[in-house]
file upload.cif (mmCIF, C-alpha atoms)
data_protein
loop_
_atom_site.group_PDB
_atom_site.id
_atom_site.type_symbol
_atom_site.label_atom_id
_atom_site.label_comp_id
_atom_site.auth_asym_id
_atom_site.auth_seq_id
_atom_site.Cartn_x
_atom_site.Cartn_y
_atom_site.Cartn_z
ATOM 1 C CA MET F 1 -26.625 16.655 9.814
ATOM 2 C CA LYS F 2 -29.734 14.593 9.156
ATOM 3 C CA LYS F 3 -29.300 14.546 5.384
ATOM 4 C CA TRP F 4 -25.741 13.207 5.573
ATOM 5 C CA ASN F 5 -26.601 10.529 8.118
ATOM 6 C CA LYS F 6 -29.266 9.155 5.779
ATOM 7 C CA LEU F 7 -26.803 8.865 2.881
ATOM 8 C CA PHE F 8 -23.470 7.986 4.500
ATOM 9 C CA LYS F 9 -21.796 5.980 7.210
ATOM 10 C CA LEU F 10 -18.682 7.649 8.667
ATOM 11 C CA LYS F 11 -15.785 5.427 9.711
ATOM 12 C CA ASN F 12 -12.183 6.595 10.331
ATOM 13 C CA GLY F 13 -12.588 9.690 8.187
ATOM 14 C CA GLN F 14 -14.030 7.766 5.234
ATOM 15 C CA LEU F 15 -17.593 8.023 3.974
ATOM 16 C CA TYR F 16 -19.398 4.892 2.854
ATOM 17 C CA TRP F 17 -22.694 4.805 0.960
ATOM 18 C CA LYS F 18 -25.567 3.382 3.002
ATOM 19 C CA GLU F 19 -27.558 2.537 -0.126
ATOM 20 C CA SER F 20 -26.626 1.818 -3.725
ATOM 21 C CA ARG F 21 -26.594 4.894 -5.976
ATOM 22 C CA GLY F 22 -26.099 4.403 -9.677
ATOM 23 C CA ARG F 23 -22.848 2.467 -10.155
ATOM 24 C CA GLN F 24 -21.913 2.798 -6.467
ATOM 25 C CA SER F 25 -22.959 -0.141 -4.330
ATOM 26 C CA ALA F 26 -23.953 0.107 -0.682
ATOM 27 C CA GLY F 27 -20.889 -0.109 1.565
ATOM 28 C CA SER F 28 -18.464 1.270 -1.039
ATOM 29 C CA VAL F 29 -16.299 4.334 -0.362
ATOM 30 C CA ALA F 30 -18.157 7.487 -1.359
ATOM 31 C CA GLY F 31 -16.565 10.106 -3.533
ATOM 32 C CA THR F 32 -14.188 10.630 -6.389
ATOM 33 C CA ASN F 33 -10.614 11.861 -6.169
ATOM 34 C CA HIS F 34 -9.951 14.372 -8.927
ATOM 35 C CA GLY F 35 -6.162 14.253 -8.660
ATOM 36 C CA ASP F 36 -5.791 17.234 -6.342
ATOM 37 C CA GLY F 37 -6.205 15.134 -3.188
ATOM 38 C CA TYR F 38 -9.747 16.260 -2.372
ATOM 39 C CA ARG F 39 -12.645 13.817 -2.673
ATOM 40 C CA THR F 40 -16.078 14.967 -3.796
ATOM 41 C CA VAL F 41 -19.505 13.381 -3.981
ATOM 42 C CA ARG F 42 -22.446 14.439 -6.132
ATOM 43 C CA ILE F 43 -25.625 15.121 -4.197
ATOM 44 C CA ASP F 44 -28.672 16.384 -6.102
ATOM 45 C CA GLY F 45 -26.415 17.327 -9.040
ATOM 46 C CA LYS F 46 -24.044 19.392 -6.886
ATOM 47 C CA ALA F 47 -20.437 18.450 -6.042
ATOM 48 C CA VAL F 48 -19.731 18.527 -2.293
ATOM 49 C CA TYR F 49 -16.310 18.050 -0.686
ATOM 50 C CA VAL F 50 -16.122 14.937 1.491
ATOM 51 C CA HIS F 51 -14.144 16.774 4.201
ATOM 52 C CA ARG F 52 -17.038 19.241 4.652
ATOM 53 C CA ILE F 53 -19.506 16.370 5.042
ATOM 54 C CA VAL F 54 -17.223 14.616 7.567
ATOM 55 C CA LYS F 55 -16.914 17.845 9.604
ATOM 56 C CA GLU F 56 -20.685 18.369 9.595
ATOM 57 C CA MET F 57 -21.421 14.746 10.511
ATOM 58 C CA SER F 58 -18.895 14.741 13.364
ATOM 59 C CA THR F 59 -20.096 18.027 14.906
ATOM 60 C CA SER F 60 -23.803 17.844 13.946
ATOM 61 C CA LYS F 61 -23.528 21.483 12.814
ATOM 62 C CA LYS F 62 -23.258 23.169 9.442
ATOM 63 C CA ALA F 63 -19.626 23.972 8.623
ATOM 64 C CA ASN F 64 -19.598 27.725 8.045
ATOM 65 C CA GLY F 65 -16.510 29.176 6.432
ATOM 66 C CA PHE F 66 -13.602 26.978 5.380
ATOM 67 C CA VAL F 67 -12.796 23.449 6.543
ATOM 68 C CA ASP F 68 -9.041 23.126 6.973
ATOM 69 C CA HIS F 69 -6.889 19.995 7.188
ATOM 70 C CA ARG F 70 -4.590 20.567 10.174
ATOM 71 C CA ASP F 71 -1.821 18.346 8.782
ATOM 72 C CA ARG F 72 -2.257 19.698 5.198
ATOM 73 C CA ASN F 73 -2.935 16.150 3.963
ATOM 74 C CA ARG F 74 -6.002 16.535 1.742
ATOM 75 C CA SER F 75 -6.862 12.844 1.914
ATOM 76 C CA ASN F 76 -6.824 12.711 5.745
ATOM 77 C CA ASN F 77 -10.479 13.394 6.515
ATOM 78 C CA LYS F 78 -10.490 12.134 10.088
ATOM 79 C CA PRO F 79 -12.647 14.450 12.232
ATOM 80 C CA LYS F 80 -9.785 15.331 14.616
ATOM 81 C CA ASN F 81 -7.754 16.558 11.615
ATOM 82 C CA LEU F 82 -10.463 18.942 10.384
ATOM 83 C CA ARG F 83 -11.237 22.382 11.737
ATOM 84 C CA THR F 84 -13.504 25.244 10.695
ATOM 85 C CA THR F 85 -11.519 28.380 9.852
ATOM 86 C CA THR F 86 -11.719 31.740 8.143
ATOM 87 C CA ARG F 87 -10.060 32.347 4.783
ATOM 88 C CA SER F 88 -7.154 34.092 6.538
ATOM 89 C CA GLN F 89 -6.561 31.211 8.966
ATOM 90 C CA ASN F 90 -6.822 28.690 6.138
ATOM 91 C CA ASN F 91 -4.230 30.551 4.064
ATOM 92 C CA LYS F 92 -1.763 30.544 6.973
ATOM 93 C CA ASN F 93 -1.807 26.732 6.889
ATOM 94 C CA ARG F 94 -0.812 26.584 3.205
ATOM 95 C CA LYS F 95 2.560 25.409 1.987
ATOM 96 C CA SER F 96 4.638 28.341 0.848
ATOM 97 C CA TRP F 97 5.498 28.555 -2.812
ATOM 98 C CA THR F 98 8.068 30.408 -4.821
ATOM 99 C CA ARG F 99 7.566 32.141 -8.109
ATOM 100 C CA LYS F 100 9.276 30.551 -11.078
ATOM 101 C CA LYS F 101 11.745 32.794 -12.896
#
call {"tool": "encode", "arguments": {"input": "upload.cif", "output": "C-alpha coordinates"}}
result
Amino acid sequence: MKKWNKLFKLKNGQLYWKESRGRQSAGSVAGTNHGDGYRTVRIDGKAVYVHRIVKEMSTSKKANGFVDHRDRNRSNNKPKNLRTTTRSQNNKNRKSWTRKK
(Lines of atoms letter the chains of each structure in order from A and count residues from 1; the text may use other names and numbers.)
(Lines give C-alpha, C1' and ligand atoms only; values in the text may rest on other atoms or scores of the structure.)
Protein backbone atom coordinates (compact mmCIF):
# COMPACT_ATOMS: atom_id res chain seq x y z
CA MET A 1 0.00 0.00 0.00
CA LYS A 2 1.25 3.47 -0.87
CA LYS A 3 0.87 4.84 2.65
CA TRP A 4 2.94 2.06 4.22
CA ASN A 5 5.70 2.30 1.62
CA LYS A 6 6.14 5.99 2.43
CA LEU A 7 6.55 5.29 6.16
CA PHE A 8 8.33 1.93 6.35
CA LYS A 9 10.99 -0.23 4.81
CA LEU A 10 10.24 -3.98 4.99
CA LYS A 11 13.15 -6.36 5.50
CA ASN A 12 12.87 -10.01 6.65
CA GLY A 13 9.49 -9.46 8.28
CA GLN A 14 10.64 -6.40 10.22
CA LEU A 15 9.46 -2.85 9.62
CA TYR A 16 11.96 -0.01 9.80
CA TRP A 17 11.08 3.69 9.89
CA LYS A 18 12.13 5.56 6.75
CA GLU A 19 12.10 8.91 8.57
CA SER A 20 12.49 9.94 12.19
CA ARG A 21 9.21 10.17 14.12
CA GLY A 22 9.28 11.57 17.61
CA ARG A 23 11.78 9.51 19.63
CA GLN A 24 12.17 6.94 16.83
CA SER A 25 15.08 7.59 14.51
CA ALA A 26 15.13 6.70 10.83
CA GLY A 27 16.30 3.11 10.32
CA SER A 28 15.12 1.89 13.74
CA VAL A 29 12.71 -1.03 14.12
CA ALA A 30 9.13 0.21 14.04
CA GLY A 31 6.63 -0.81 16.66
CA THR A 32 6.24 -1.66 20.29
CA ASN A 33 5.83 -5.11 21.79
CA HIS A 34 3.16 -5.05 24.47
CA GLY A 35 4.12 -8.37 26.05
CA ASP A 36 1.63 -10.50 24.14
CA GLY A 37 4.01 -11.06 21.21
CA TYR A 38 2.28 -8.70 18.78
CA ARG A 39 3.99 -5.48 17.71
CA THR A 40 2.00 -2.33 17.03
CA VAL A 41 2.78 1.08 15.58
CA ARG A 42 0.84 4.30 16.04
CA ILE A 43 -0.23 5.96 12.81
CA ASP A 44 -2.36 9.11 13.00
CA GLY A 45 -3.20 8.29 16.64
CA LYS A 46 -4.40 4.77 15.84
CA ALA A 47 -2.61 1.54 16.84
CA VAL A 48 -2.02 -0.80 13.89
CA TYR A 49 -0.61 -4.33 14.12
CA VAL A 50 2.74 -4.70 12.36
CA HIS A 51 1.76 -8.09 10.89
CA ARG A 52 -1.18 -6.46 9.06
CA ILE A 53 1.13 -3.81 7.60
CA VAL A 54 3.66 -6.47 6.51
CA LYS A 55 0.88 -8.48 4.80
CA GLU A 56 -0.43 -5.39 3.00
CA MET A 57 3.05 -4.27 1.91
CA SER A 58 3.98 -7.73 0.62
CA THR A 59 0.76 -8.24 -1.38
CA SER A 60 0.02 -4.60 -2.30
CA LYS A 61 -3.60 -5.23 -1.25
CA LYS A 62 -5.64 -4.34 1.81
CA ALA A 63 -5.76 -7.26 4.24
CA ASN A 64 -9.46 -7.97 4.69
CA GLY A 65 -10.44 -10.22 7.55
CA PHE A 66 -7.84 -11.67 9.91
CA VAL A 67 -4.09 -12.00 9.35
CA ASP A 68 -2.93 -15.31 10.77
CA HIS A 69 0.59 -16.46 11.68
CA ARG A 70 0.93 -19.93 10.14
CA ASP A 71 3.48 -21.09 12.73
CA ARG A 72 1.58 -19.42 15.64
CA ASN A 73 4.70 -17.38 16.47
CA ARG A 74 3.38 -13.85 16.95
CA SER A 75 6.79 -12.26 16.46
CA ASN A 76 7.45 -14.02 13.12
CA ASN A 77 6.12 -11.43 10.68
CA LYS A 78 7.83 -12.74 7.57
CA PRO A 79 5.43 -12.47 4.60
CA LYS A 80 5.51 -16.22 3.86
CA ASN A 81 4.34 -16.89 7.44
CA LEU A 82 1.29 -14.61 7.18
CA ARG A 83 -2.02 -15.44 5.55
CA THR A 84 -5.41 -13.75 5.33
CA THR A 85 -8.14 -15.85 6.95
CA THR A 86 -11.67 -15.74 8.29
CA ARG A 87 -12.36 -15.76 12.02
CA SER A 88 -13.20 -19.49 11.84
CA GLN A 89 -9.95 -20.38 10.05
CA ASN A 90 -7.95 -18.22 12.45
CA ASN A 91 -9.49 -19.95 15.48
CA LYS A 92 -8.56 -23.39 14.10
CA ASN A 93 -4.89 -22.35 14.23
CA ARG A 94 -5.05 -21.47 17.94
CA LYS A 95 -3.36 -23.49 20.65
CA SER A 96 -5.92 -25.48 22.59
CA TRP A 97 -6.44 -24.59 26.21
CA THR A 98 -7.97 -26.33 29.16
CA ARG A 99 -10.20 -24.83 31.77
CA LYS A 100 -8.71 -24.52 35.23
CA LYS A 101 -10.61 -26.36 37.96
call {"tool": "resolve_selection", "arguments": {"input": "upload.cif", "expression": "the PyMOL selection byres ((chain F and resi 5-19) around 6)", "output": "ChimeraX atom specification"}}
result
/F:2-4,20,26-30,77-78
call {"tool": "resolve_selection", "arguments": {"input": "upload.cif", "expression": "the PyMOL selection byres ((chain F and resi 82) around 12)", "output": "number ranges by chain"}}
result
F: 13, 50-59, 63, 66-81, 83-85, 90
call {"tool": "atom_distance", "arguments": {"input": "upload.cif", "atom1": "CA of Thr40 (chain F)", "atom2": "CA of Gly22 (chain F)"}}
result
15.7 Å
call {"tool": "resolve_selection", "arguments": {"input": "upload.cif", "expression": "the PyMOL selection byres ((chain F and resi 41) around 10)", "output": "list in words"}}
result
Leu15, Ala30, Gly31, Thr32, Asn33, Arg39, Thr40, Arg42, Ile43, Asp44, Gly45, Lys46, Ala47, Val48, Tyr49, Val50 and Ile53 of chain F
call {"tool": "axis_aligned_box", "arguments": {"input": "upload.cif", "around": "region 5-8 of chain F", "padding_each_side": "8 Å", "output": "lines of an AutoDock Vina configuration file"}}
result
center_x = -26.4
center_y = 9.3
center_z = 5.5
size_x = 21.8
size_y = 18.5
size_z = 21.2
call {"tool": "atom_distance", "arguments": {"input": "upload.cif", "atom1": "CA of Lys62 (chain F)", "atom2": "CA of Arg21 (chain F)"}}
result
24.1 Å
call {"tool": "build_atoms", "arguments": {"input": "upload.cif", "residues": "region 7-21 of chain F", "atoms": "N, CA and C atoms", "output": "PDB file, keeping the file's coordinate frame"}}
result
ATOM      1  N   LEU F   7     -27.534   9.302   4.070  1.00  0.00           N
ATOM      2  CA  LEU F   7     -26.803   8.865   2.881  1.00  0.00           C
ATOM      3  C   LEU F   7     -25.526   8.092   3.181  1.00  0.00           C
ATOM      4  N   PHE F   8     -24.817   8.491   4.268  1.00  0.00           N
ATOM      5  CA  PHE F   8     -23.470   7.986   4.500  1.00  0.00           C
ATOM      6  C   PHE F   8     -23.284   7.375   5.881  1.00  0.00           C
ATOM      7  N   LYS F   9     -22.316   6.480   5.940  1.00  0.00           N
ATOM      8  CA  LYS F   9     -21.796   5.980   7.210  1.00  0.00           C
ATOM      9  C   LYS F   9     -20.374   6.522   7.311  1.00  0.00           C
ATOM     10  N   LEU F  10     -20.010   7.085   8.448  1.00  0.00           N
ATOM     11  CA  LEU F  10     -18.682   7.649   8.667  1.00  0.00           C
ATOM     12  C   LEU F  10     -17.850   6.690   9.502  1.00  0.00           C
ATOM     13  N   LYS F  11     -16.679   6.324   8.984  1.00  0.00           N
ATOM     14  CA  LYS F  11     -15.785   5.427   9.711  1.00  0.00           C
ATOM     15  C   LYS F  11     -14.342   5.825   9.418  1.00  0.00           C
ATOM     16  N   ASN F  12     -13.599   6.221  10.450  1.00  0.00           N
ATOM     17  CA  ASN F  12     -12.183   6.595  10.331  1.00  0.00           C
ATOM     18  C   ASN F  12     -11.924   7.635   9.254  1.00  0.00           C
ATOM     19  N   GLY F  13     -12.792   8.623   9.153  1.00  0.00           N
ATOM     20  CA  GLY F  13     -12.588   9.690   8.187  1.00  0.00           C
ATOM     21  C   GLY F  13     -12.991   9.353   6.776  1.00  0.00           C
ATOM     22  N   GLN F  14     -13.551   8.179   6.556  1.00  0.00           N
ATOM     23  CA  GLN F  14     -14.030   7.766   5.234  1.00  0.00           C
ATOM     24  C   GLN F  14     -15.558   7.737   5.246  1.00  0.00           C
ATOM     25  N   LEU F  15     -16.144   8.126   4.131  1.00  0.00           N
ATOM     26  CA  LEU F  15     -17.593   8.023   3.974  1.00  0.00           C
ATOM     27  C   LEU F  15     -17.912   6.790   3.146  1.00  0.00           C
ATOM     28  N   TYR F  16     -18.936   6.072   3.566  1.00  0.00           N
ATOM     29  CA  TYR F  16     -19.398   4.892   2.854  1.00  0.00           C
ATOM     30  C   TYR F  16     -20.879   5.076   2.548  1.00  0.00           C
ATOM     31  N   TRP F  17     -21.283   4.715   1.337  1.00  0.00           N
ATOM     32  CA  TRP F  17     -22.694   4.805   0.960  1.00  0.00           C
ATOM     33  C   TRP F  17     -23.517   3.822   1.782  1.00  0.00           C
ATOM     34  N   LYS F  18     -24.659   4.274   2.283  1.00  0.00           N
ATOM     35  CA  LYS F  18     -25.567   3.382   3.002  1.00  0.00           C
ATOM     36  C   LYS F  18     -26.429   2.589   2.034  1.00  0.00           C
ATOM     37  N   GLU F  19     -26.741   3.193   0.888  1.00  0.00           N
ATOM     38  CA  GLU F  19     -27.558   2.537  -0.126  1.00  0.00           C
ATOM     39  C   GLU F  19     -26.867   2.652  -1.473  1.00  0.00           C
ATOM     40  N   SER F  20     -27.182   1.752  -2.374  1.00  0.00           N
ATOM     41  CA  SER F  20     -26.626   1.818  -3.725  1.00  0.00           C
ATOM     42  C   SER F  20     -27.150   3.062  -4.433  1.00  0.00           C
ATOM     43  N   ARG F  21     -26.236   3.701  -5.182  1.00  0.00           N
ATOM     44  CA  ARG F  21     -26.594   4.894  -5.976  1.00  0.00           C
ATOM     45  C   ARG F  21     -25.901   4.772  -7.324  1.00  0.00           C
TER      46      ARG F  21
END
